[in-house]
Amino acid sequence: MRRILVKPAIVMLLVVGAPTASWAQSTLHTFYARITDKSGAPIKGLGPSDFGVIEGGIARKVVAATYGGLPLRILFLVDTSDAVSRIPNQLRAAMQAFIDGVPAEDEIALVTMGRQLRIRVQPTVDRKKLNDAARTIFADGGGTVLLDSLLEGYERVLQRAETRAPMIVFLTTDGPETSTSVREEEFNKFVAVLVGRGAVVHAVMLENTGAVSAATSSASSGTQSVVALNLTGNTGGRLEAVAAATALPDKLKATAQLIADRRRKMADWYQVDYTTNTVGPGHSIDVTASPFDAKIELSDTPPR
């Protein structure tokens, strides 16, 4: 038997009010396990019944154990606020670099977040459809609605994707953040849901777009920076902050490479999903696996 502590989420202070979303009632949690025999060779072919999970003294039902992990469904959020009005070509090139670099089996939903959330392309593996849409995107004006888009995008795109592993990638600026429906408690529950489901968040942020001065252009300034640091730090993702729009395509290409590397590193790991009524992370679970003398290596995030 091995024990894993699902790390507590780092909370953050946010704004304004709204009712708690339905995703806050999520009961699916995920961990990752590498099972080897006495010689150190990976054991393949295990199913849900080969794993046991005890959480707080209560046996939980394992509903899936997928060798190599599930393919991804990626919520790709792109800032189309006033802050990107002067860089349409670099923005489109960055989107296309990301779309082309993500492994072909992984779905991408293309969503913009200037003024309001707009789903441009529903989750698909059709790269031509995604690239065609990316080539037509202009600035929508207004401010960035990153917070609204994260929560609404998760609910509409990722919440019910139980046959795919959830991931969020967002490309944002440090311009005005104008979300109106997110409060501190709700956001922190959202972070807990992401951590519980083993979701990873990557972020690329373009700084110095007008709302933040050069003297305060570090990745710790502004709402978008705080959100990006919180989400990437809690989920094992990566935050890249750049000062020049010309760097965006390379940064998004590198983010896609991280996702491809994840596929390679997951090759001999199981993604294990179980049901629970525990709200959020910060709890420990005891895990067993067949055969009884197998060696178990556990992680609450995908192997890196």
# chains A, B, ... in the order shown; residues from 1 in each chain; ligands from 1
>>> select_by_dssp(residues="segment 57-254 of chain A", states="helix (DSSP H, G or I)", output="ChimeraX atom specification")
/A:82-84,88-101,127-134,146-158,184-196,214-216,222-235,245-254
>>> select_by_dssp(residues="segment 54-266 of chain A", states="strand (DSSP E or B)", output="number ranges by chain")
A: 54-55, 58-60, 62-67, 72-78, 107-112, 114, 118-124, 144, 165-173, 177, 200-206, 239-242
>>> closest_atom_pairs(of="segment 119-170 of chain A", to="segment 200-207 of chain A", cutoff="7 Å", atoms="only C-alpha atoms", output="tab-separated table")
residue	atom	partner	partner_atom	distance
A:Met167	CA	A:Val200	CA	5.1
A:Ile168	CA	A:Val201	CA	4.7
A:Val169	CA	A:His202	CA	4.8
A:Phe170	CA	A:Ala203	CA	5.0
>>> closest_residue(among="A:Glu185, A:Gly114, A:Ile99, A:Thr173", to="Ala244 of chain A", atoms="only C-alpha atoms")
A:Thr173
>>> atom_distance(atom1="atom CA of Asn131 of chain A", atom2="atom CA of Gln96 of chain A")
5.9 Å
>>> atom_distance(atom1="atom CA of Val84 of chain A", atom2="atom CA of Gly101 of chain A")
22.6 Å
>>> atom_distance(atom1="atom CA of Arg183 of chain A", atom2="atom CA of Met113 of chain A")
18.2 Å
>>> residues_around(residues="Gly47 of chain A", least_positions_apart="3", cutoff="7 Å", atoms="only C-alpha atoms", output="list in words")
Asp50, Ala64 and Ala65 of chain A
>>> residues_around(residues="Leu91 of chain A", least_positions_apart="5", cutoff="12 Å", atoms="only C-alpha atoms", output="ChimeraX atom specification")
/A:78-81,83-86,96-98,112,134-139,171-173,204-206,244-252
>>> residues_around(residues="Ala41 of chain A", least_positions_apart="5", cutoff="12 Å", atoms="only C-alpha atoms", output="list in words")
Arg34, Ile35, Thr36, Asp268, Trp269, Ala294, Lys295 and Ile296 of chain A
>>> residues_around(residues="segment 71-73 of chain A", least_positions_apart="3", cutoff="9 Å", atoms="only C-alpha atoms", output="PyMOL selection string")
chain A and resi 68+105-109+123-124+157-158+161+163-168+263
>>> residues_around(residues="Val63 of chain A", least_positions_apart="2", cutoff="10 Å", atoms="only C-alpha atoms", output="compact mmCIF listing (two decimals) with C-alpha atoms, in the first residue's frame")
# COMPACT_ATOMS: atom_id res chain seq x y z
CA LEU A 28 -14.24 12.71 -9.99
CA GLY A 47 -7.99 -2.24 -14.87
CA PRO A 48 -10.10 -0.40 -12.28
CA SER A 49 -10.65 -3.56 -10.22
CA PHE A 51 -6.62 -0.72 -7.81
CA ARG A 60 -13.64 4.78 -2.93
CA LYS A 61 -14.75 3.34 -6.27
CA ALA A 65 -7.38 3.02 -14.94
CA VAL A 272 -6.51 6.43 -12.24
CA ASP A 273 -9.92 8.07 -11.74
CA TYR A 274 -12.10 7.48 -8.69
CA THR A 275 -15.30 8.93 -7.28
>>> closest_residue(among="A:Phe190, A:Phe31, A:Tyr67, A:Tyr154", to="Ile43 of chain A", atoms="only C-alpha atoms")
A:Tyr67
